[in-house]
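Engineer: Quick one: the structure is below, questions incoming.
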Amino acid sequence: DALLAQTGRQDELRKLIDYSRASLLLYREKQDDLLIFALDTEMRTVMTKGVKAPMEGTSAGWVVRNNKPWISHDLEQTPFALDRKLLREGIRSTISIPLSHDRMLGVFNFDSTVPDLYSERDLALLLPVAKHIAIALENAILFEEISREKKEWERTFDAITDMVWIEDGKRRIVRANRTLLQKTGFTAADVANHHCGELLER
């Protein structure tokens, strides 16, 4: 996926660690769940992008709650009941690393069809990678949050029934709301960068 490709560089990751499936799970604090945000696999799997995963009963949930990595050497002996479902897809061992940067962001997972594949050595290699991914992930989340807030602000601004506009320091119009444009017949391009006095004279 784009974020895995950009931040994890799949080819470089495969040089560091062998895996059958790599996934990035986004922690959603309000819902208290995990969302598969990015995925790299050639396996047939129900764990696709956009699928939600619960916190309880999963190693990924434990990693988020404790902000510590977890290695499952063999899923046939895992203490996490829901992780045993991965056995149906052929997964035998996993390694999960928390992604945090000022706040808990999610989990970076590697799954393998080979039992007892992952060790502390893999963890030492992956922890620095996880730090870079956490920064990139936070930037992506912040960009999405800012974009969403901007759209909400624009909807509110356009819903005002009075004629309203925003000026810069030189009293040039930066933005006019929908009511103003409808009542005057101007387009946004007509009023952009004009002095507010010109608008009132028209």
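Every chain in the structure tokens has a letter given in the order shown (A, B, ...), and although residue numbers restart at 1 in each chain, ligands are simply numbered from 1 in the order shown.
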Taking the chain letters and numbering used in this document, name the residues of segment 6-190 of chain A that DSSP puts in helix (DSSP H, G or I), as a VMD selection string.
Structural biologist: chain A and resid 6 to 8 10 to 16 59 to 66 75 to 77 81 to 89 120 to 159 178 to 184 188 to 190
Engineer: To test your reading of the structure, identify every residue in segment 29-87 of chain A that backbone DSSP assigns to strand (DSSP E or B), and report it as a ChimeraX atom specification.
Structural biologist: /A:33-41,52-53,70-72
Engineer: Generate the output file for the selected residues, C-alpha atoms, as a short mmCIF file (atom, residue, chain, number, x, y, z; two decimals), in the first residue's frame.
Structural biologist:
data_model
loop_
_atom_site.label_atom_id
_atom_site.label_comp_id
_atom_site.auth_asym_id
_atom_site.auth_seq_id
_atom_site.Cartn_x
_atom_site.Cartn_y
_atom_site.Cartn_z
CA ASP A 33 -10.49 -0.45 17.93
CA LEU A 34 -7.94 -1.05 15.19
CA LEU A 35 -8.39 -0.43 11.48
CA ILE A 36 -6.25 -2.04 8.79
CA PHE A 37 -4.73 1.04 7.15
CA ALA A 38 -2.15 -0.54 4.85
CA LEU A 39 -1.36 -4.08 3.75
CA ASP A 40 1.37 -5.89 1.82
CA THR A 41 0.63 -9.52 1.02
CA LYS A 52 -11.74 -3.41 11.78
CA ALA A 53 -10.07 -5.49 14.48
CA TRP A 70 4.95 -8.74 21.08
CA ILE A 71 6.29 -11.86 19.39
CA SER A 72 4.03 -14.88 18.87
#
Engineer: State, in Å with one decimal place, the distance from atom CA of Ala81 of chain A to atom CA of Met47 of chain A.
Structural biologist: 16.3 Å
Engineer: Separation of atom CA of Trp153 of chain A and atom CA of Asn177 of chain A, in Å?
Structural biologist: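 Calculated distance between atom CA of Trp153 of chain A and atom CA of Asn177 of chain A is 11.4 Å.
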Engineer: Taking into account only C-alpha atoms, which residue in the set A:Arg171, A:His132, A:Ala60, A:Arg178 is nearest to Leu82 of chain A?
Structural biologist: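 Distance minimum relative to Leu82 of chain A lands on A:Ala60.
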